[in-house]
file work_14.txt (compact mmCIF, C-alpha atoms)
# COMPACT_ATOMS: atom_id res chain seq x y z
CA MET A 118 109.99 140.95 71.09
CA GLN A 119 107.13 140.61 68.64
CA SER A 120 103.65 139.30 69.28
CA PRO A 121 103.58 135.51 68.80
CA ASP A 122 100.05 135.83 67.42
CA THR A 123 100.49 138.53 64.79
CA GLY A 124 104.22 139.21 64.61
CA LYS A 125 103.43 142.90 64.95
CA ASN A 126 104.47 145.48 67.53
CA ILE A 127 102.77 148.63 68.71
CA VAL A 128 105.14 151.58 68.80
CA LEU A 129 104.57 154.10 71.59
CA LYS A 130 106.33 157.46 71.67
CA ILE A 131 106.15 158.73 75.25
CA ARG A 132 107.05 162.17 76.54
CA ARG A 133 109.09 161.73 79.70
CA GLN A 134 110.19 164.13 82.41
CA ASP A 135 111.78 163.21 85.75
CA ARG A 136 110.66 166.40 87.49
CA ALA A 137 108.67 169.50 86.54
CA GLU A 138 111.85 171.61 86.40
CA HIS A 139 113.66 169.13 84.13
CA THR A 140 113.66 169.29 80.34
CA PRO A 141 111.22 166.78 78.80
CA HIS A 142 112.44 164.19 76.33
CA TRP A 143 110.87 161.46 74.22
CA GLU A 144 111.42 157.72 74.41
CA GLU A 145 110.08 155.10 72.03
CA PHE A 146 108.91 151.64 73.05
CA ALA A 147 107.66 148.56 71.19
CA VAL A 148 104.88 146.44 72.69
CA PRO A 149 103.68 143.11 71.22
CA TYR A 150 100.29 143.68 69.64
CA ARG A 151 97.17 141.84 70.77
CA PRO A 152 93.62 142.58 69.64
CA ASN A 153 91.52 144.74 72.00
CA MET A 154 94.49 146.09 73.96
CA ASN A 155 94.05 149.37 75.79
CA VAL A 156 96.73 151.99 76.39
CA ILE A 157 97.13 150.97 80.05
CA SER A 158 98.01 147.41 79.02
CA CYS A 159 100.79 148.84 76.86
CA LEU A 160 102.13 150.85 79.81
CA GLN A 161 101.94 147.74 82.01
CA TYR A 162 104.03 145.84 79.46
CA ILE A 163 106.59 148.65 79.37
CA ALA A 164 106.76 148.60 83.18
CA GLY A 165 107.87 144.98 82.98
CA HIS A 166 110.15 145.54 79.97
CA PRO A 167 111.64 149.05 80.33
CA GLN A 168 113.74 149.02 77.18
CA THR A 169 113.49 151.46 74.28
CA THR A 170 113.28 150.46 70.64
CA ALA A 171 116.96 151.48 70.39
CA GLY A 172 117.80 148.75 72.91
CA GLN A 173 118.54 151.17 75.75
CA GLU A 174 117.59 150.16 79.29
CA THR A 175 115.50 152.85 80.97
CA THR A 176 113.19 153.35 83.93
CA PRO A 177 109.53 152.26 83.87
CA VAL A 178 107.17 155.01 82.69
CA VAL A 179 105.35 156.67 85.58
CA TYR A 180 101.58 157.12 85.19
CA ASP A 181 98.51 157.09 87.41
CA SER A 182 95.65 154.58 87.30
CA GLY A 183 93.23 152.89 89.63
CA CYS A 184 90.01 151.18 88.61
CA LEU A 185 90.94 150.43 84.96
CA GLU A 186 87.26 150.72 84.01
CA GLU A 187 86.72 154.48 83.52
CA VAL A 188 85.44 155.19 87.01
CA CYS A 189 88.31 156.69 89.01
CA GLY A 190 89.42 159.24 86.39
CA ALA A 191 93.09 158.83 87.35
CA CYS A 192 94.56 157.76 84.01
CA THR A 193 93.84 160.97 82.10
CA MET A 194 96.55 161.75 79.53
CA VAL A 195 96.95 163.18 76.06
CA ILE A 196 96.87 160.33 73.54
CA ASN A 197 97.63 161.17 69.91
CA GLY A 198 96.99 164.81 70.69
CA LYS A 199 93.61 164.35 72.38
CA VAL A 200 92.89 164.15 76.10
CA ARG A 201 91.43 160.74 76.98
CA GLN A 202 91.19 158.03 79.60
CA ALA A 203 93.98 155.55 78.94
CA CYS A 204 92.01 152.61 80.36
CA SER A 205 89.12 152.97 77.90
CA THR A 206 91.19 153.94 74.85
CA LEU A 207 91.73 150.86 72.69
CA VAL A 208 94.84 150.81 70.54
CA ASP A 209 92.81 149.43 67.64
CA THR A 210 90.93 152.74 67.48
CA LEU A 211 94.23 154.66 67.23
CA GLY A 212 95.44 153.06 64.02
CA ALA A 213 97.82 150.67 65.80
CA PRO A 214 99.86 148.65 65.06
CA ASP A 215 100.30 150.37 61.69
CA ASN A 216 100.76 153.83 63.23
CA PRO A 217 102.69 154.90 66.34
CA ILE A 218 100.85 156.14 69.43
CA THR A 219 102.03 159.27 71.24
CA LEU A 220 101.47 159.70 74.98
CA GLU A 221 101.89 163.00 76.83
CA PRO A 222 100.85 164.28 80.27
CA VAL A 223 97.98 166.77 80.49
CA GLY A 224 99.22 170.33 80.69
CA LYS A 225 96.76 172.03 83.03
CA TYR A 226 97.98 170.41 86.27
CA PRO A 227 101.40 170.30 87.97
CA LEU A 228 103.58 167.53 86.61
CA VAL A 229 104.79 164.93 89.09
CA ARG A 230 106.71 162.71 86.68
CA ASP A 231 106.29 161.44 83.12
CA LEU A 232 102.53 161.00 82.55
CA PHE A 233 101.59 161.47 86.22
CA VAL A 234 100.14 164.87 87.25
CA ASN A 235 98.67 166.30 90.45
CA ARG A 236 94.91 166.93 90.05
CA GLN A 237 94.48 168.38 93.55
CA ARG A 238 93.07 171.61 92.09
CA ILE A 239 89.91 169.75 91.05
CA PHE A 240 89.22 168.52 94.56
CA ASP A 241 90.06 171.91 96.11
CA ASP A 242 87.49 173.52 93.79
CA LEU A 243 84.87 170.91 94.74
CA LYS A 244 85.45 171.90 98.37
CA LYS A 245 85.39 175.60 97.48
CA THR A 246 81.98 175.21 95.86
CA ARG A 247 80.64 172.94 98.65
CA CYS A 248 79.80 170.05 96.36
CA TRP A 249 78.39 167.71 98.97
CA ILE A 250 75.12 166.88 100.72
CA PRO A 251 75.04 168.71 104.11
CA ILE A 252 74.29 165.78 106.43
CA ASP A 253 76.79 165.22 109.23
CA GLY A 254 75.68 161.64 110.01
CA THR A 255 75.76 162.05 113.78
CA TYR A 256 72.16 160.93 114.19
CA ASP A 257 69.46 159.07 112.30
CA LEU A 258 67.44 161.47 110.17
CA GLY A 259 65.12 158.77 108.88
CA PRO A 260 64.27 158.17 105.23
CA GLY A 261 65.42 160.82 102.80
CA PRO A 262 62.98 162.84 100.67
CA ALA A 263 61.38 161.07 97.74
CA ILE A 264 62.89 162.06 94.40
CA SER A 265 60.71 161.84 91.31
CA LEU A 266 61.69 159.68 88.37
CA LYS A 267 61.89 162.78 86.18
CA SER A 268 64.35 164.38 88.58
CA GLN A 269 66.41 161.19 88.81
CA GLU A 270 66.65 160.95 85.03
CA LYS A 271 67.81 164.58 84.82
CA ARG A 272 70.36 164.33 87.61
CA TYR A 273 71.80 160.89 86.93
CA PRO A 274 73.92 161.94 83.91
CA LEU A 275 75.47 164.67 86.09
CA SER A 276 76.39 162.12 88.76
CA ARG A 277 78.56 160.20 86.29
CA CYS A 278 81.38 162.76 86.61
CA ILE A 279 84.65 161.04 87.59
CA SER A 280 86.74 164.22 88.15
CA CYS A 281 89.11 163.10 85.41
CA GLY A 282 89.92 166.64 84.27
CA CYS A 283 89.42 165.95 80.56
CA CYS A 284 87.03 168.89 80.20
CA MET A 285 89.47 171.24 81.92
CA GLU A 286 92.39 170.11 79.77
CA ALA A 287 90.38 170.93 76.62
CA CYS A 288 89.06 174.25 77.95
CA PRO A 289 90.83 177.38 76.60
CA GLN A 290 89.72 179.39 79.65
CA TYR A 291 91.12 176.94 82.21
CA THR A 292 94.84 177.53 82.67
CA PRO A 293 97.48 176.93 85.36
CA ALA A 294 97.72 180.71 85.79
CA ASN A 295 94.08 181.44 86.66
CA HIS A 296 91.43 180.24 89.13
CA PHE A 297 88.59 179.23 86.80
CA VAL A 298 86.91 176.16 88.27
CA GLY A 299 85.93 174.62 84.94
CA ALA A 300 82.91 172.80 83.53
CA ALA A 301 83.04 169.70 85.75
CA ILE A 302 82.82 171.76 88.94
CA ILE A 303 79.97 173.88 87.60
CA SER A 304 78.07 170.75 86.62
CA GLN A 305 78.54 169.31 90.12
CA VAL A 306 77.16 172.55 91.57
CA ARG A 307 74.06 172.00 89.45
CA LEU A 308 73.81 168.37 90.63
CA PHE A 309 73.86 169.30 94.32
CA ASN A 310 71.75 172.45 93.92
CA GLU A 311 68.97 170.32 92.44
CA HIS A 312 69.08 167.75 95.25
CA PRO A 313 66.30 168.36 97.83
CA VAL A 314 68.76 168.20 100.74
CA GLY A 315 71.80 169.53 98.91
CA ALA A 316 69.81 172.68 98.05
CA ALA A 317 70.42 173.83 101.63
CA LEU A 318 73.85 175.04 100.48
CA LYS A 319 72.65 176.40 97.13
CA ASN A 320 73.28 180.05 97.96
CA GLU A 321 76.78 179.33 99.25
CA ARG A 322 77.62 177.44 96.06
CA LEU A 323 76.32 180.23 93.85
CA ASP A 324 78.22 182.82 95.89
CA ALA A 325 81.42 180.86 95.29
CA LEU A 326 80.77 180.83 91.55
CA MET A 327 80.05 184.56 91.48
CA GLY A 328 83.58 185.34 92.63
CA GLU A 329 86.98 184.95 91.00
CA GLY A 330 87.25 181.81 88.92
CA GLY A 331 83.50 181.48 88.70
CA ILE A 332 81.07 180.89 85.90
CA SER A 333 81.51 184.32 84.30
CA GLU A 334 84.96 183.17 83.10
CA CYS A 335 83.46 180.44 80.91
CA GLY A 336 83.77 181.29 77.21
CA LYS A 337 81.29 178.64 75.98
CA ALA A 338 83.87 177.07 73.66
CA GLY A 339 82.13 173.69 73.96
CA ASN A 340 85.39 171.71 73.98
CA CYS A 341 84.38 170.21 77.33
CA VAL A 342 81.41 168.38 75.84
CA GLU A 343 83.53 166.98 73.00
CA VAL A 344 86.06 165.28 75.29
CA CYS A 345 83.93 164.22 78.30
CA PRO A 346 84.26 160.42 78.59
CA LYS A 347 80.88 160.23 80.34
CA GLN A 348 78.90 162.33 77.84
CA ILE A 349 77.77 164.72 80.58
CA PRO A 350 75.67 167.67 79.26
CA LEU A 351 78.19 170.20 80.51
CA LEU A 352 76.99 173.18 78.46
CA GLU A 353 73.46 172.55 79.67
CA SER A 354 74.75 172.54 83.25
CA ILE A 355 76.63 175.81 82.71
CA ALA A 356 73.52 177.47 81.29
CA THR A 357 71.38 176.14 84.18
CA VAL A 358 73.75 177.42 86.85
CA GLN A 359 74.00 180.79 85.10
CA ARG A 360 70.20 181.10 85.31
CA GLN A 361 70.36 180.19 89.00
CA GLU A 362 72.96 182.91 89.53
CA THR A 363 70.85 185.47 87.69
CA VAL A 364 67.83 184.69 89.87
CA LYS A 365 69.95 184.93 93.00
CA ALA A 366 71.49 188.25 91.91
CA ILE A 367 68.02 189.74 91.35
CA LYS A 368 66.80 188.49 94.72
CA ASP A 369 69.92 189.84 96.42
CA PHE A 370 69.38 193.22 94.76
CA PHE A 371 65.87 193.42 96.17
CA GLY A 372 66.93 192.36 99.63
CA GLY A 373 66.68 188.60 99.27
CA HIS A 374 62.90 188.46 98.84

call {"tool": "encode", "arguments": {"input": "work_14.txt", "output": "structure tokens"}}
result
Amino acid sequence: MQSPDTGKNIVLKIRRQDRAEHTPHWEEFAVPYRPNMNVISCLQYIAGHPQTTAGQETTPVVYDSGCLEEVCGACTMVINGKVRQACSTLVDTLGAPDNPITLEPVGKYPLVRDLFVNRQRIFDDLKKTRCWIPIDGTYDLGPGPAISLKSQEKRYPLSRCISCGCCMEACPQYTPANHFVGAAIISQVRLFNEHPVGAALKNERLDALMGEGGISECGKAGNCVEVCPKQIPLLESIATVQRQETVKAIKDFFGGH
């Protein structure tokens, strides 16, 4: 079926895999082109019309998504060789409909099926590094501490992280075989360490990053900054947390004074 408006189709070549232990294969689909389409809209069309360009009936492509407005981070995948959010990637920016679009799952997390992966490692590392504000909510603590405008402006970009995993996918040091926490986690440590209440757990966070998988395993490749959909200053965060660790190490050496 071709688009009634333009008569053109978008061709998508999708890497498919029923289970992690199965051999992956490629299937090609045609989707009627409309201006301003995103990749998710193409996958939604395929879900309703699971037929390859060869005319073979197949199963709908499995992928993950939620908000569809680059907030939940769920639809991370490799699009034309680059890790991106499928909801905010417009097909017009990918050379479609004149050029085919390739979709692959990210490779740093366990595959569930097709384009859907398990990002649980990210959330386990956030727990490992205690990335939260230590207030249990069992009683009224009154108004929180005032935060200066300068501090708000510095911390707000860090708060935009959506745990999408793009920075980890692009990082050469972050692999399925190691325990490196990655740039997003380190940046969240900075965010909570610089919060007046969150700073109560600062030492525990820095201790976690001084161990295996911590900040010393970062190679400063800078790929994380290039692919972050929220333009978070990740290298700046890494440098800031490294300075915090250095100060803590010196204090620990002299007995914590």

call {"tool": "residues_around", "arguments": {"input": "work_14.txt", "residues": "Thr246 (chain A)", "least_positions_apart": "2", "cutoff": "6 Å", "atoms": "all atoms listed in the file", "output": "PyMOL selection string"}}
result
chain A and resi 243-244+248+322+325

call {"tool": "write_last_selection", "arguments": {"input": "work_14.txt", "atoms": "C-alpha atoms", "output": "PDB file, in the frame of the given file"}}
result
ATOM      1  CA  LEU A 243      84.870 170.910  94.740  1.00  0.00           C
ATOM      2  CA  LYS A 244      85.450 171.900  98.370  1.00  0.00           C
ATOM      3  CA  CYS A 248      79.800 170.050  96.360  1.00  0.00           C
ATOM      4  CA  ARG A 322      77.620 177.440  96.060  1.00  0.00           C
ATOM      5  CA  ALA A 325      81.420 180.860  95.290  1.00  0.00           C
TER       6      ALA A 325
END

call {"tool": "closest_atom_pairs", "arguments": {"input": "work_14.txt", "of": "region 211-274 of chain A", "to": "region 299-320 of chain A", "cutoff": "8 Å", "atoms": "only C-alpha atoms", "output": "Markdown table"}}
result
| residue | atom | partner | partner_atom | distance |
| --- | --- | --- | --- | --- |
| A:Ile239 | CA | A:Ile302 | CA | 7.7 |
| A:Asp242 | CA | A:Ile302 | CA | 7.0 |
| A:Leu243 | CA | A:Ile302 | CA | 6.2 |
| A:Thr246 | CA | A:Val306 | CA | 7.0 |
| A:Arg247 | CA | A:Leu318 | CA | 7.3 |
| A:Cys248 | CA | A:Val306 | CA | 6.0 |
| A:Trp249 | CA | A:Phe309 | CA | 6.7 |
| A:Ile250 | CA | A:Gly315 | CA | 4.6 |
| A:Pro251 | CA | A:Gly315 | CA | 6.2 |
| A:Pro262 | CA | A:Pro313 | CA | 7.0 |
| A:Ile264 | CA | A:Pro313 | CA | 7.9 |
| A:Arg272 | CA | A:Leu308 | CA | 6.1 |

call {"tool": "residues_around", "arguments": {"input": "work_14.txt", "residues": "region 153-163 of chain A", "least_positions_apart": "3", "cutoff": "8 Å", "atoms": "all atoms listed in the file", "output": "list of chain:residue names"}}
result
A:Phe146, A:Val148, A:Tyr150, A:His166, A:Pro167, A:Gln168, A:Pro177, A:Val178, A:Leu185, A:Ala203, A:Cys204, A:Ser205, A:Thr206, A:Leu207, A:Val208, A:Asp209

call {"tool": "atom_distance", "arguments": {"input": "work_14.txt", "atom1": "CA of Glu353 (chain A)", "atom2": "CA of Gly339 (chain A)"}}
result
10.4 Å

call {"tool": "atom_distance", "arguments": {"input": "work_14.txt", "atom1": "CA of Leu323 (chain A)", "atom2": "CA of Ala338 (chain A)"}}
result
21.8 Å

call {"tool": "closest_atom_pairs", "arguments": {"input": "work_14.txt", "of": "region 211-306 of chain A", "to": "region 135-145 of chain A", "cutoff": "7 Å", "atoms": "all atoms listed in the file", "output": "Markdown table"}}
result
| residue | atom | partner | partner_atom | distance |
| --- | --- | --- | --- | --- |
| A:Leu228 | CA | A:Ala137 | CA | 5.5 |
| A:Val229 | CA | A:Arg136 | CA | 6.3 |
| A:Arg230 | CA | A:Asp135 | CA | 5.2 |
| A:Asp231 | CA | A:Asp135 | CA | 6.3 |

call {"tool": "write_last_selection", "arguments": {"input": "work_14.txt", "atoms": "C-alpha atoms", "output": "tab-separated table (two decimals), in the frame of the given file"}}
result
chain	number	residue	atom	x	y	z
A	228	LEU	CA	103.58	167.53	86.61
A	229	VAL	CA	104.79	164.93	89.09
A	230	ARG	CA	106.71	162.71	86.68
A	231	ASP	CA	106.29	161.44	83.12

call {"tool": "atom_distance", "arguments": {"input": "work_14.txt", "atom1": "CA of Ala356 (chain A)", "atom2": "CA of Ile332 (chain A)"}}
result
9.5 Å

call {"tool": "residues_around", "arguments": {"input": "work_14.txt", "residues": "His296 (chain A)", "least_positions_apart": "2", "cutoff": "7 Å", "atoms": "all atoms listed in the file", "output": "list of chain:residue names"}}
result
A:Val298, A:Glu329, A:Gly330

call {"tool": "residues_near_point", "arguments": {"input": "work_14.txt", "point": "(87.9, 180.9, 75.6)", "cutoff": "10 Å", "atoms": "all atoms listed in the file", "output": "ChimeraX atom specification"}}
result
/A:288-291,334-340
